[in-house]
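> Here you go, this is work-v4.json (JSON, C-alpha atoms).
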```json
[["chain", "number", "residue", "atom", "x", "y", "z"],
["A", 1, "MET", "CA", -40.40, -20.29, 0.20],
["A", 2, "ALA", "CA", -42.37, -19.95, 3.42],
["A", 3, "ILE", "CA", -41.99, -16.51, 4.91],
["A", 4, "SER", "CA", -42.57, -15.88, 8.60],
["A", 5, "GLU", "CA", -42.76, -12.20, 9.43],
["A", 6, "ARG", "CA", -40.38, -10.83, 12.05],
["A", 7, "LYS", "CA", -40.25, -7.27, 13.31],
["A", 8, "PRO", "CA", -36.90, -5.44, 13.07],
["A", 9, "GLN", "CA", -34.93, -5.02, 16.27],
["A", 10, "THR", "CA", -35.36, -1.61, 17.87],
["A", 11, "ARG", "CA", -32.01, -1.59, 19.68],
["A", 12, "LYS", "CA", -28.99, -0.98, 17.46],
["A", 13, "ALA", "CA", -26.48, -3.81, 17.81],
["A", 14, "ALA", "CA", -22.84, -3.98, 16.83],
["A", 15, "THR", "CA", -22.19, -4.54, 13.13],
["A", 16, "PRO", "CA", -22.05, -8.30, 12.48],
["A", 17, "PRO", "CA", -18.65, -9.44, 11.16],
["A", 18, "LEU", "CA", -20.20, -10.82, 7.98],
["A", 19, "MET", "CA", -21.77, -7.45, 7.16],
["A", 20, "ALA", "CA", -18.53, -5.64, 7.97],
["A", 21, "THR", "CA", -16.79, -7.99, 5.53],
["A", 22, "LEU", "CA", -19.31, -7.28, 2.78],
["A", 23, "ARG", "CA", -18.87, -3.53, 3.23],
["A", 24, "ALA", "CA", -15.08, -3.84, 3.15],
["A", 25, "GLU", "CA", -15.33, -5.85, -0.05],
["A", 26, "HIS", "CA", -17.50, -3.11, -1.54],
["A", 27, "VAL", "CA", -14.73, -0.61, -0.84],
["A", 28, "HIS", "CA", -12.27, -2.86, -2.67],
["A", 29, "LEU", "CA", -14.62, -3.38, -5.60],
["A", 30, "GLU", "CA", -15.25, 0.36, -5.89],
["A", 31, "SER", "CA", -11.52, 1.07, -5.99],
["A", 32, "VAL", "CA", -11.11, -1.41, -8.86],
["A", 33, "ALA", "CA", -14.16, 0.08, -10.57],
["A", 34, "GLY", "CA", -12.57, 3.52, -10.24],
["A", 35, "LEU", "CA", -9.45, 2.25, -11.97],
["A", 36, "LEU", "CA", -11.56, 0.76, -14.76],
["A", 37, "GLU", "CA", -13.18, 4.16, -15.23],
["A", 38, "GLU", "CA", -9.74, 5.77, -15.51],
["A", 39, "GLN", "CA", -8.75, 3.24, -18.16],
["A", 40, "LEU", "CA", -11.94, 3.86, -20.14],
["A", 41, "ASN", "CA", -11.37, 7.62, -19.99],
["A", 42, "ALA", "CA", -7.84, 7.11, -21.30],
["A", 43, "ILE", "CA", -9.10, 4.94, -24.17],
["A", 44, "GLU", "CA", -11.69, 7.57, -25.07],
["A", 45, "ALA", "CA", -8.99, 10.27, -25.07],
["A", 46, "GLY", "CA", -6.75, 8.16, -27.30],
["A", 47, "LYS", "CA", -4.12, 7.72, -24.60],
["A", 48, "PRO", "CA", -2.09, 4.50, -24.21],
["A", 49, "VAL", "CA", -3.61, 1.87, -21.94],
["A", 50, "ASP", "CA", -2.06, -1.29, -20.54],
["A", 51, "ALA", "CA", -4.28, -4.10, -21.83],
["A", 52, "HIS", "CA", -2.94, -6.40, -19.10],
["A", 53, "VAL", "CA", -4.42, -4.09, -16.46],
["A", 54, "LEU", "CA", -7.79, -4.15, -18.23],
["A", 55, "TYR", "CA", -7.76, -7.95, -18.34],
["A", 56, "GLU", "CA", -6.81, -8.18, -14.68],
["A", 57, "ILE", "CA", -9.55, -5.72, -13.67],
["A", 58, "MET", "CA", -12.23, -7.81, -15.33],
["A", 59, "ASN", "CA", -10.65, -11.04, -14.15],
["A", 60, "TYR", "CA", -10.79, -9.79, -10.56],
["A", 61, "LEU", "CA", -14.37, -8.56, -10.88],
["A", 62, "GLY", "CA", -15.32, -11.89, -12.41],
["A", 63, "THR", "CA", -13.44, -14.25, -10.10],
["A", 64, "TRP", "CA", -13.91, -12.38, -6.85],
["A", 65, "ALA", "CA", -17.22, -10.54, -7.13],
["A", 66, "ASP", "CA", -19.11, -13.12, -9.16],
["A", 67, "ARG", "CA", -17.68, -16.28, -7.59],
["A", 68, "TYR", "CA", -17.28, -15.27, -3.94],
["A", 69, "HIS", "CA", -18.75, -11.89, -3.01],
["A", 70, "HIS", "CA", -22.15, -12.13, -4.69],
["A", 71, "PRO", "CA", -22.84, -15.77, -3.71],
["A", 72, "ARG", "CA", -22.13, -14.91, -0.07],
["A", 73, "GLU", "CA", -24.48, -11.94, -0.28],
["A", 74, "ASP", "CA", -27.13, -14.22, -1.77],
["A", 75, "LEU", "CA", -26.90, -16.61, 1.19],
["A", 76, "ILE", "CA", -27.37, -13.79, 3.70],
["A", 77, "TYR", "CA", -30.15, -12.25, 1.62],
["A", 78, "GLY", "CA", -31.89, -15.59, 1.45],
["A", 79, "ARG", "CA", -31.95, -15.91, 5.23],
["A", 80, "ALA", "CA", -33.34, -12.38, 5.62],
["A", 81, "ALA", "CA", -35.96, -12.97, 2.92],
["A", 82, "GLU", "CA", -37.32, -15.91, 4.90],
["A", 83, "LEU", "CA", -38.19, -13.51, 7.72],
["A", 84, "ASP", "CA", -39.42, -10.39, 5.93],
["A", 85, "ARG", "CA", -41.93, -10.50, 3.06],
["A", 86, "GLN", "CA", -41.19, -6.93, 1.91],
["A", 87, "LEU", "CA", -37.45, -7.50, 1.96],
["A", 88, "ALA", "CA", -37.92, -10.67, -0.08],
["A", 89, "ASP", "CA", -38.89, -8.62, -3.16],
["A", 90, "ASP", "CA", -35.76, -6.46, -2.95],
["A", 91, "VAL", "CA", -33.61, -9.52, -2.33],
["A", 92, "ASP", "CA", -35.02, -11.29, -5.37],
["A", 93, "SER", "CA", -34.23, -8.25, -7.51],
["A", 94, "LEU", "CA", -30.66, -8.03, -6.19],
["A", 95, "GLN", "CA", -30.03, -11.73, -6.74],
["A", 96, "ARG", "CA", -31.22, -11.43, -10.34],
["A", 97, "GLN", "CA", -28.92, -8.43, -10.75],
["A", 98, "HIS", "CA", -26.01, -10.58, -9.58],
["A", 99, "ASP", "CA", -26.68, -13.03, -12.40],
["A", 100, "SER", "CA", -27.05, -10.21, -14.92],
["A", 101, "MET", "CA", -23.82, -8.52, -13.78],
["A", 102, "ALA", "CA", -21.91, -11.76, -14.23],
["A", 103, "ARG", "CA", -23.14, -12.09, -17.82],
["A", 104, "LYS", "CA", -22.38, -8.46, -18.61],
["A", 105, "GLY", "CA", -18.92, -8.81, -17.11],
["A", 106, "GLN", "CA", -18.18, -11.77, -19.37],
["A", 107, "ALA", "CA", -19.45, -9.81, -22.36],
["A", 108, "LEU", "CA", -17.20, -6.89, -21.46],
["A", 109, "GLN", "CA", -14.20, -9.21, -21.22],
["A", 110, "GLN", "CA", -14.95, -10.38, -24.76],
["A", 111, "SER", "CA", -15.22, -6.77, -25.93],
["A", 112, "ILE", "CA", -11.83, -5.98, -24.39],
["A", 113, "ALA", "CA", -10.33, -8.90, -26.29],
["A", 114, "GLY", "CA", -12.01, -7.66, -29.46],
["A", 115, "TRP", "CA", -10.76, -4.12, -28.88],
["A", 116, "ARG", "CA", -7.24, -5.43, -28.49],
["A", 117, "ASP", "CA", -7.32, -7.38, -31.76],
["A", 118, "GLY", "CA", -9.11, -4.57, -33.61],
["A", 119, "THR", "CA", -12.57, -6.09, -34.06],
["A", 120, "VAL", "CA", -14.23, -3.80, -31.48],
["A", 121, "ASP", "CA", -13.81, -0.03, -31.73],
["A", 122, "SER", "CA", -12.95, 2.21, -28.79],
["A", 123, "THR", "CA", -16.34, 3.93, -28.71],
["A", 124, "THR", "CA", -18.17, 0.62, -28.35],
["A", 125, "LEU", "CA", -15.82, -0.60, -25.64],
["A", 126, "VAL", "CA", -16.05, 2.62, -23.65],
["A", 127, "GLY", "CA", -19.85, 2.60, -23.89],
["A", 128, "GLU", "CA", -20.11, -1.01, -22.71],
["A", 129, "GLY", "CA", -17.58, -0.41, -19.95],
["A", 130, "ARG", "CA", -19.36, 2.64, -18.57],
["A", 131, "ALA", "CA", -22.72, 0.88, -18.67],
["A", 132, "TYR", "CA", -21.19, -1.99, -16.72],
["A", 133, "LEU", "CA", -19.67, 0.41, -14.20],
["A", 134, "ASP", "CA", -22.89, 2.38, -13.71],
["A", 135, "ASN", "CA", -24.84, -0.81, -13.19],
["A", 136, "SER", "CA", -22.31, -2.22, -10.71],
["A", 137, "LEU", "CA", -21.98, 0.96, -8.65],
["A", 138, "ASN", "CA", -25.73, 1.58, -8.54],
["A", 139, "HIS", "CA", -26.19, -2.02, -7.43],
["A", 140, "MET", "CA", -23.72, -1.67, -4.54],
["A", 141, "HIS", "CA", -25.17, 1.66, -3.45],
["A", 142, "SER", "CA", -28.66, 0.15, -3.46],
["A", 143, "GLU", "CA", -27.46, -2.71, -1.29],
["A", 144, "GLU", "CA", -25.77, -0.44, 1.23],
["A", 145, "GLN", "CA", -28.53, 2.13, 1.44],
["A", 146, "ARG", "CA", -31.67, 0.01, 1.16],
["A", 147, "VAL", "CA", -30.88, -3.58, 2.09],
["A", 148, "PHE", "CA", -27.89, -3.82, 4.42],
["A", 149, "PRO", "CA", -29.47, -1.67, 7.18],
["A", 150, "ARG", "CA", -32.70, -3.67, 7.04],
["A", 151, "ILE", "CA", -30.84, -6.97, 7.25],
["A", 152, "GLU", "CA", -28.83, -5.76, 10.25],
["A", 153, "ALA", "CA", -32.02, -4.65, 11.97],
["A", 154, "LEU", "CA", -33.76, -7.94, 11.18],
["A", 155, "LEU", "CA", -31.28, -10.72, 11.86],
["A", 156, "THR", "CA", -30.48, -11.63, 15.44],
["A", 157, "THR", "CA", -27.25, -12.83, 17.00],
["A", 158, "ALA", "CA", -28.58, -16.37, 16.71],
["A", 159, "ASP", "CA", -29.20, -15.87, 12.98],
["A", 160, "TRP", "CA", -25.65, -14.66, 12.43],
["A", 161, "ARG", "CA", -24.20, -17.56, 14.41],
["A", 162, "GLU", "CA", -26.16, -19.98, 12.26],
["A", 163, "LEU", "CA", -24.97, -18.29, 9.06],
["A", 164, "GLU", "CA", -21.36, -18.33, 10.20],
["A", 165, "LEU", "CA", -21.51, -22.13, 10.38],
["A", 166, "ASP", "CA", -22.14, -22.31, 6.63],
["A", 167, "ASP", "CA", -18.92, -23.31, 4.86],
["A", 168, "ARG", "CA", -19.84, -21.08, 1.93],
["A", 169, "LEU", "CA", -19.62, -18.03, 4.21],
["A", 170, "GLN", "CA", -16.18, -18.80, 5.59],
["A", 171, "PRO", "CA", -13.48, -16.15, 4.96],
["A", 172, "ALA", "CA", -11.87, -16.38, 1.54],
["A", 173, "GLY", "CA", -8.49, -14.84, 0.81],
["A", 174, "ASP", "CA", -8.76, -11.80, -1.43],
["A", 175, "PRO", "CA", -6.39, -12.38, -4.38],
["A", 176, "LEU", "CA", -5.78, -8.64, -4.85],
["A", 177, "PHE", "CA", -6.22, -6.92, -1.48],
["A", 178, "GLY", "CA", -4.88, -9.71, 0.70],
["A", 179, "ALA", "CA", -1.54, -9.60, 2.47],
["A", 180, "ARG", "CA", 0.11, -10.44, -0.87],
["A", 181, "ALA", "CA", -1.53, -10.03, -4.26],
["A", 182, "ASP", "CA", -1.71, -13.15, -6.42],
["A", 183, "ARG", "CA", 0.70, -13.24, -9.34],
["A", 184, "GLU", "CA", -2.12, -13.04, -11.87],
["A", 185, "PHE", "CA", -3.06, -9.60, -10.48],
["A", 186, "ARG", "CA", 0.43, -8.12, -10.09],
["A", 187, "ASN", "CA", -0.06, -5.43, -12.79],
["A", 188, "LEU", "CA", -3.38, -4.39, -11.30],
["A", 189, "ALA", "CA", -1.93, -4.30, -7.78],
["A", 190, "ARG", "CA", 0.94, -2.03, -8.89],
["A", 191, "LYS", "CA", -1.47, 0.27, -10.71],
["A", 192, "LEU", "CA", -3.71, 0.57, -7.66],
["A", 193, "LYS", "CA", -0.75, 1.29, -5.38],
["A", 194, "ARG", "CA", 0.56, 4.01, -7.68],
["A", 195, "GLY", "CA", -2.88, 5.59, -7.86],
["A", 196, "LEU", "CA", -3.26, 5.47, -4.09],
["A", 197, "ARG", "CA", 0.16, 7.02, -3.56],
["A", 198, "HIS", "CA", -0.62, 9.80, -6.04],
["A", 199, "ARG", "CA", -3.98, 10.53, -4.38],
["A", 200, "LEU", "CA", -2.29, 10.66, -0.98],
["A", 201, "GLU", "CA", 0.32, 13.09, -2.31],
["A", 202, "GLN", "CA", -2.43, 15.23, -3.82],
["A", 203, "GLY", "CA", -4.32, 15.15, -0.55],
["A", 204, "VAL", "CA", -1.27, 16.30, 1.41],
["A", 205, "VAL", "CA", -0.59, 19.14, -1.04],
["A", 206, "ALA", "CA", -4.24, 20.18, -0.99],
["A", 207, "GLU", "CA", -4.30, 20.05, 2.80],
["A", 208, "TRP", "CA", -1.17, 22.18, 3.10],
["A", 209, "ALA", "CA", -2.48, 24.61, 0.48],
["A", 210, "GLY", "CA", -5.72, 24.97, 2.41],
["A", 211, "LEU", "CA", -3.90, 25.33, 5.73],
["A", 212, "GLY", "CA", -1.52, 27.95, 4.35],
["A", 213, "ALA", "CA", -4.41, 29.89, 2.85],
["A", 214, "ALA", "CA", -6.30, 29.75, 6.14],
["A", 215, "VAL", "CA", -3.30, 31.07, 8.09],
["A", 216, "GLU", "CA", -2.65, 33.88, 5.61],
["A", 217, "SER", "CA", -6.35, 34.79, 5.51],
["A", 218, "TRP", "CA", -6.40, 34.98, 9.30],
["A", 219, "GLU", "CA", -3.36, 37.25, 9.27],
["A", 220, "ILE", "CA", -5.03, 39.52, 6.70],
["A", 221, "MET", "CA", -8.20, 39.77, 8.78],
["A", 222, "CYS", "CA", -6.24, 40.44, 11.97],
["A", 223, "GLY", "CA", -4.19, 43.11, 10.21],
["A", 224, "ALA", "CA", -7.34, 44.77, 8.88],
["A", 225, "ARG", "CA", -8.89, 44.70, 12.34],
["A", 226, "ARG", "CA", -5.81, 46.26, 13.92],
["A", 227, "SER", "CA", -5.73, 49.00, 11.28],
["A", 228, "ALA", "CA", -9.43, 49.75, 11.72],
["A", 229, "LEU", "CA", -9.07, 49.91, 15.51],
["A", 230, "THR", "CA", -6.06, 52.20, 15.21],
["A", 231, "ILE", "CA", -7.87, 54.59, 12.88],
["A", 232, "THR", "CA", -10.98, 54.53, 15.08],
["A", 233, "GLY", "CA", -8.94, 55.35, 18.17],
["A", 234, "GLU", "CA", -7.11, 58.18, 16.41],
["A", 235, "THR", "CA", -10.41, 59.59, 15.13],
["A", 236, "VAL", "CA", -12.00, 59.54, 18.58],
["A", 237, "ARG", "CA", -8.97, 61.22, 20.15],
["A", 238, "GLN", "CA", -8.87, 63.83, 17.39],
["A", 239, "SER", "CA", -12.56, 64.53, 17.90],
["A", 240, "ALA", "CA", -12.03, 65.01, 21.64],
["A", 241, "ARG", "CA", -9.09, 67.38, 21.12],
["A", 242, "ASP", "CA", -10.95, 69.41, 18.51],
["A", 243, "SER", "CA", -14.05, 69.64, 20.69],
["A", 244, "LEU", "CA", -12.05, 71.00, 23.64],
["A", 245, "ARG", "CA", -10.34, 73.51, 21.40],
["A", 246, "ILE", "CA", -13.62, 74.67, 19.82],
["A", 247, "LEU", "CA", -15.29, 74.94, 23.22],
["A", 248, "GLY", "CA", -12.48, 77.19, 24.43],
["A", 249, "GLU", "CA", -12.53, 79.36, 21.33],
["A", 250, "THR", "CA", -16.28, 79.84, 20.77],
["A", 251, "PRO", "CA", -18.38, 78.59, 23.67],
["A", 252, "LEU", "CA", -21.64, 79.91, 22.23],
["A", 253, "THR", "CA", -21.35, 78.16, 18.87],
["A", 254, "ALA", "CA", -19.33, 75.18, 20.08],
["A", 255, "GLY", "CA", -22.21, 72.73, 19.62],
["A", 256, "VAL", "CA", -22.69, 73.51, 15.96],
["A", 257, "ARG", "CA", -18.97, 73.62, 15.20],
["A", 258, "CYS", "CA", -18.30, 70.35, 17.06],
["A", 259, "ALA", "CA", -21.10, 68.61, 15.16],
["A", 260, "ALA", "CA", -19.72, 69.82, 11.84],
["A", 261, "ASN", "CA", -16.20, 68.76, 12.81],
["A", 262, "ASN", "CA", -17.36, 65.31, 13.94],
["A", 263, "THR", "CA", -19.20, 64.87, 10.65],
["A", 264, "ARG", "CA", -16.00, 65.68, 8.78],
["A", 265, "LEU", "CA", -13.95, 63.33, 10.94],
["A", 266, "GLY", "CA", -16.59, 60.60, 10.60],
["A", 267, "GLY", "CA", -16.54, 60.87, 6.82],
["A", 268, "ARG", "CA", -12.76, 60.59, 6.78],
["A", 269, "TRP", "CA", -12.95, 57.61, 9.15],
["A", 270, "LEU", "CA", -15.48, 55.85, 6.91],
["A", 271, "ALA", "CA", -13.30, 56.41, 3.85],
["A", 272, "GLU", "CA", -10.23, 55.00, 5.58],
["A", 273, "VAL", "CA", -12.12, 51.97, 6.93],
["A", 274, "PHE", "CA", -13.54, 51.37, 3.46],
["A", 275, "ASP", "CA", -10.00, 51.40, 2.03],
["A", 276, "ILE", "CA", -8.89, 48.89, 4.67],
["A", 277, "ALA", "CA", -11.84, 46.59, 3.90],
["A", 278, "ARG", "CA", -11.23, 46.88, 0.15],
["A", 279, "ASP", "CA", -7.55, 46.03, 0.51],
["A", 280, "ALA", "CA", -8.36, 43.09, 2.80],
["A", 281, "GLY", "CA", -10.93, 41.81, 0.31],
["A", 282, "THR", "CA", -8.40, 42.05, -2.51],
["A", 283, "ASP", "CA", -5.81, 40.16, -0.46],
["A", 284, "LEU", "CA", -8.31, 37.46, 0.54],
["A", 285, "ALA", "CA", -9.31, 36.97, -3.09],
["A", 286, "ARG", "CA", -5.64, 36.63, -4.03],
["A", 287, "VAL", "CA", -5.05, 34.03, -1.29],
["A", 288, "ASN", "CA", -8.08, 32.02, -2.38],
["A", 289, "ARG", "CA", -6.98, 32.18, -6.02],
["A", 290, "GLU", "CA", -3.49, 30.98, -5.11],
["A", 291, "ARG", "CA", -5.00, 28.17, -3.02],
["A", 292, "ARG", "CA", -7.08, 26.96, -5.97],
["A", 293, "ASP", "CA", -4.08, 27.20, -8.30],
["A", 294, "ASN", "CA", -1.92, 25.17, -5.91],
["A", 295, "ILE", "CA", -4.56, 22.46, -5.58],
["A", 296, "GLU", "CA", -5.09, 22.35, -9.34],
["A", 297, "ARG", "CA", -1.36, 21.99, -9.95],
["A", 298, "ALA", "CA", -1.28, 19.14, -7.43],
["A", 299, "ARG", "CA", -4.13, 17.37, -9.20],
["A", 300, "ASN", "CA", -2.48, 17.71, -12.59],
["A", 301, "SER", "CA", 0.96, 16.64, -11.43]]
```
How does the structure come out when it is put into structure tokens?

Amino acid sequence: MAISERKPQTRKAATPPLMATLRAEHVHLESVAGLLEEQLNAIEAGKPVDAHVLYEIMNYLGTWADRYHHPREDLIYGRAAELDRQLADDVDSLQRQHDSMARKGQALQQSIAGWRDGTVDSTTLVGEGRAYLDNSLNHMHSEEQRVFPRIEALLTTADWRELELDDRLQPAGDPLFGARADREFRNLARKLKRGLRHRLEQGVVAEWAGLGAAVESWEIMCGARRSALTITGETVRQSARDSLRILGETPLTAGVRCAANNTRLGGRWLAEVFDIARDAGTDLARVNRERRDNIERARNS
């Protein structure tokens, strides 16, 4: 392949629609990967798992990622590699990873079938599944952090227009995250929706728990401040009254007696302020503990 070097654009342009699509597809793939991780954790813990959901997860990752998402990335990568010699090395590595991920996905599907009929044990399946997940997630993160920004800086509007004319880069309906999930992914779609609803409920509970704790903490701090100001004012007024009385009684020794009295009043003031601070600290710790307990209960519900 002949490579003609091109310098990246210095002015940041709007995100090209094709790149926005790839990023959105990554979000979808990561959500399915997260569900696969939950299923593997359940298998490891000896909990019941719906084998249909496992099959549909791998079917989606195989049909969508390997047949549509990765080939479209490869076309865009190929165009960028023609223009940047350094990027060409990263692109070649990513394209080879696409091929490897497809093979590993097929192998994992076979292991799931073996686990279901008893020829593959749970430990083996969980190990293969987690290795597949780690590889897939690391791959996507590498693309988004190292390659996508360089491609966006390199390709021009004319490049994107040319790419958009390629039939292989035309929009393809997502069988799971489209307006209506395909019948073959109905179990997976329901599982994802339930998980999303549960996470939203947890988020609302956590948000309210945090908000309630913040309000109560603010009230505690305001109450402590009011108490400290009240005690300070009373101490100052008491000191003034005592000083006037001492001055009237013993003018010659008033300075020494006033100093001793102020020291006594100051010590009492410090003790009372310390008690206020200690009580406020205890109350704040209680509020924070209750906040954590509420969030933990929400997560476990």
> For the point (-25.1, -13.3, 9.7) in the file's frame, write as a list in words all residues with an atom no more than 7 Å away, counting only C-alpha atoms.
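Selection result: Pro16, Leu18, Ile76, Asp159, Trp160, Arg161, Leu163 and Glu164 of chain A.
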> Extract, using all atoms listed in the file, all DNA, RNA and protein residues at most 8 Å from Leu61 of chain A, discarding same-chain residues fewer than 5 positions from it, and format them as a VMD selection string.
chain A and resid 29 66 105
> Go ahead and write the residues just picked, C-alpha atoms, as an mmCIF file, keeping the file's coordinate frame.

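After the write, again_3.cif holds the following:
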```cif
data_model
loop_
_atom_site.group_PDB
_atom_site.id
_atom_site.type_symbol
_atom_site.label_atom_id
_atom_site.label_comp_id
_atom_site.auth_asym_id
_atom_site.auth_seq_id
_atom_site.Cartn_x
_atom_site.Cartn_y
_atom_site.Cartn_z
ATOM 1 C CA LEU A 29 -14.620 -3.380 -5.600
ATOM 2 C CA ASP A 66 -19.110 -13.120 -9.160
ATOM 3 C CA GLY A 105 -18.920 -8.810 -17.110
#
```
> May I have the residues within 9 Å of Thr235 of chain A as number ranges by chain, using all atoms listed in the file and disregarding those fewer than 6 positions away in the same chain?
A: 265-266, 268-269
> Just C-alpha atoms for this one: save the residues we selected as a PDB file, in the coordinates of the input.

```
ATOM      1  CA  LEU A 265     -13.950  63.330  10.940  1.00  0.00           C
ATOM      2  CA  GLY A 266     -16.590  60.600  10.600  1.00  0.00           C
ATOM      3  CA  ARG A 268     -12.760  60.590   6.780  1.00  0.00           C
ATOM      4  CA  TRP A 269     -12.950  57.610   9.150  1.00  0.00           C
TER       5      TRP A 269
END
```
> For Ile220 of chain A, which residue out of A:Gly78, A:Gly281, A:Gly233, A:Gly62 is the nearest one, using all atoms listed in the file?
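Selected residue with least distance to Ile220 of chain A: A:Gly281.
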> Hey, what's within 10 Å of Gln39 of chain A if we count all atoms listed in the file and toss same-chain stuff fewer than 4 positions away? As a PyMOL selection string, please?
chain A and resi 33-35+43-45+47-51+53-54+126+129
> Mind listing as a list in words all residues within 12 Å of (-2.5, -7.9, -13.1), counting all atoms listed in the file?
Val32, Asp50, Ala51, His52, Val53, Leu54, Tyr55, Glu56, Ile57, Met58, Asn59, Tyr60, Pro175, Leu176, Ala181, Asp182, Arg183, Glu184, Phe185, Arg186, Asn187, Leu188, Ala189, Arg190, Lys191 and Leu192 of chain A
> May I have the residues within 12 Å of Asp89 of chain A as a PyMOL selection string, using only C-alpha atoms and disregarding those fewer than 4 positions away in the same chain?
chain A and resi 3+77-78+80-85+93-96+147
> If we count all atoms listed in the file, what is near Gln238 of chain A at a cut-off of 12 Å, once residues fewer than 2 positions away on the same chain are taken out, given as a list of chain:residue names?
A:Ile231, A:Thr232, A:Gly233, A:Glu234, A:Thr235, A:Val236, A:Ala240, A:Arg241, A:Asp242, A:Ser243, A:Leu244, A:Arg245, A:Cys258, A:Asn261, A:Asn262, A:Arg264, A:Leu265, A:Gly266, A:Arg268, A:Trp269
> I need the residue nearest His70 of chain A from this list: A:Leu108, A:Val256, A:Leu22, A:Leu125. Use all atoms listed in the file for the distance.
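Looking only at the distances to His70 of chain A, the closest residue turns out to be A:Leu22.
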> As an exercise, work out the distance from atom CA of Asp293 of chain A to atom CA of Asp275 of chain A in Å and give it to one decimal place.
27.0 Å
> Do you have the atom CA of Met19 of chain A-atom CA of Pro149 of chain A distance handy?
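So the two atoms, atom CA of Met19 of chain A and atom CA of Pro149 of chain A, lie 9.6 Å apart.
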> Which value, in Å to one decimal, gives the distance between atom CA of Glu143 of chain A and atom CA of Glu128 of chain A?
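These atoms are spaced 22.7 Å apart.
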> Return the single residue from A:Glu38, A:Asp283, A:Glu73, A:Asp134 that is closest to Val91 of chain A, with distances computed using only C-alpha atoms.
A:Glu73
> Quick one: segment 49-64 of chain A from the block, N, CA and C atoms, as a PDB file, in the first residue's frame.

```pdb
ATOM      1  N   VAL A  49     -28.635 -19.349  35.595  1.00  0.00           N
ATOM      2  CA  VAL A  49     -28.399 -18.456  34.462  1.00  0.00           C
ATOM      3  C   VAL A  49     -29.256 -18.923  33.295  1.00  0.00           C
ATOM      4  N   ASP A  50     -29.840 -17.968  32.596  1.00  0.00           N
ATOM      5  CA  ASP A  50     -30.648 -18.288  31.420  1.00  0.00           C
ATOM      6  C   ASP A  50     -29.711 -18.523  30.235  1.00  0.00           C
ATOM      7  N   ALA A  51     -29.611 -19.773  29.798  1.00  0.00           N
ATOM      8  CA  ALA A  51     -28.710 -20.107  28.695  1.00  0.00           C
ATOM      9  C   ALA A  51     -29.109 -19.389  27.413  1.00  0.00           C
ATOM     10  N   HIS A  52     -30.409 -19.114  27.245  1.00  0.00           N
ATOM     11  CA  HIS A  52     -30.851 -18.400  26.046  1.00  0.00           C
ATOM     12  C   HIS A  52     -30.225 -17.006  25.979  1.00  0.00           C
ATOM     13  N   VAL A  53     -30.114 -16.351  27.137  1.00  0.00           N
ATOM     14  CA  VAL A  53     -29.509 -15.021  27.169  1.00  0.00           C
ATOM     15  C   VAL A  53     -28.036 -15.108  26.783  1.00  0.00           C
ATOM     16  N   LEU A  54     -27.346 -16.129  27.285  1.00  0.00           N
ATOM     17  CA  LEU A  54     -25.937 -16.308  26.925  1.00  0.00           C
ATOM     18  C   LEU A  54     -25.773 -16.500  25.419  1.00  0.00           C
ATOM     19  N   TYR A  55     -26.615 -17.353  24.842  1.00  0.00           N
ATOM     20  CA  TYR A  55     -26.545 -17.588  23.397  1.00  0.00           C
ATOM     21  C   TYR A  55     -26.799 -16.287  22.630  1.00  0.00           C
ATOM     22  N   GLU A  56     -27.787 -15.535  23.064  1.00  0.00           N
ATOM     23  CA  GLU A  56     -28.144 -14.311  22.349  1.00  0.00           C
ATOM     24  C   GLU A  56     -27.051 -13.248  22.489  1.00  0.00           C
ATOM     25  N   ILE A  57     -26.390 -13.210  23.647  1.00  0.00           N
ATOM     26  CA  ILE A  57     -25.270 -12.280  23.820  1.00  0.00           C
ATOM     27  C   ILE A  57     -24.186 -12.567  22.789  1.00  0.00           C
ATOM     28  N   MET A  58     -23.778 -13.826  22.703  1.00  0.00           N
ATOM     29  CA  MET A  58     -22.700 -14.173  21.783  1.00  0.00           C
ATOM     30  C   MET A  58     -23.160 -14.093  20.330  1.00  0.00           C
ATOM     31  N   ASN A  59     -24.432 -14.367  20.093  1.00  0.00           N
ATOM     32  CA  ASN A  59     -24.959 -14.239  18.737  1.00  0.00           C
ATOM     33  C   ASN A  59     -24.916 -12.778  18.297  1.00  0.00           C
ATOM     34  N   TYR A  60     -25.275 -11.877  19.214  1.00  0.00           N
ATOM     35  CA  TYR A  60     -25.243 -10.449  18.882  1.00  0.00           C
ATOM     36  C   TYR A  60     -23.808  -9.987  18.640  1.00  0.00           C
ATOM     37  N   LEU A  61     -22.912 -10.367  19.554  1.00  0.00           N
ATOM     38  CA  LEU A  61     -21.522  -9.946  19.400  1.00  0.00           C
ATOM     39  C   LEU A  61     -20.923 -10.509  18.116  1.00  0.00           C
ATOM     40  N   GLY A  62     -21.371 -11.702  17.734  1.00  0.00           N
ATOM     41  CA  GLY A  62     -20.855 -12.298  16.507  1.00  0.00           C
ATOM     42  C   GLY A  62     -21.464 -11.684  15.259  1.00  0.00           C
ATOM     43  N   THR A  63     -22.803 -11.566  15.242  1.00  0.00           N
ATOM     44  CA  THR A  63     -23.456 -11.068  14.027  1.00  0.00           C
ATOM     45  C   THR A  63     -23.254  -9.574  13.844  1.00  0.00           C
ATOM     46  N   TRP A  64     -23.344  -8.822  14.931  1.00  0.00           N
ATOM     47  CA  TRP A  64     -23.269  -7.368  14.778  1.00  0.00           C
ATOM     48  C   TRP A  64     -21.827  -6.869  14.769  1.00  0.00           C
TER      49      TRP A  64
END
```
